[in-house]
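Each remark here refers to the structure printed beneath this line.
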Amino acid sequence: MITNSYFVIELIVNNHPGVMTHITGLFARRAFNLEGILCGRIGDGTKSKMYLLINDDESKDQIIKQLRKLYDVLEVNIHSSVDNNIFDNMDRLLELGGV
């Protein structure tokens, strides 16, 4: 289902302890809800790719600016037309993997 009430922020970040806390802390300090988070290491494991599902509202521009200022955030991409079913169906994905 494609919807415009959400958008996805795609981040490339350094992969080390504390990076997720810095990013989620930024959202918490601004009282901005994360609707979904997917994260996994890429390449040789020194970097990770994160997908953050966010409500599309007036606060998004400020959050994006603040994310770009974080030391461990290397790249920020915005996707406005998203199929958020992957976030809704993670439980099915995990069941398939036998976890």
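Lettering and numbering for the structure tokens are positional, with chains as A, B, ... in the shown order, residues counted from 1 in each chain, and ligands counted from 1 in the shown order.
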Item checked: All strand (DSSP E) residues (DSSP, backbone) inside chain A, as a PyMOL selection string -> chain A and resi 2-3+6-14+34-42+47-55+73-79+82-83
Next item on the list: Once DSSP has gone over the backbone, tell me which residues of chain A are in helix (DSSP H, G or I), as an MDAnalysis selection string.
Entry: chainID A and resid 19:29 60:69 85:88 90:96
Checklist line | Counting only C-alpha atoms, the option among A:Val8, A:Leu53, A:Leu67, A:Met20 closest to Gly36 in chain A | finding: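 Looking at the shortest contact to Gly36 in chain A, the residue is A:Leu53.
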Checklist line | For CA of Tyr6 in chain A and CA of Gly18 in chain A, the interatomic separation in Å (one decimal) | finding: 26.3 Å
Next item on the list: Write out as JSON, numbers by chain the residues lying within 9 Å of Ile63 in chain A, counting only C-alpha atoms and excluding same-chain residues fewer than 6 positions away.
Entry: {"A": [26, 27, 30, 32]}
Any chance you can output those residues with C-alpha atoms as a tab-separated table (two decimals), in the first residue's frame?
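Final file, selection17.tsv:
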chain	number	residue	atom	x	y	z
A	26	LEU	CA	17.24	13.00	18.89
A	27	PHE	CA	13.67	11.96	18.13
A	30	ARG	CA	11.96	16.57	20.05
A	32	PHE	CA	8.76	13.10	17.50
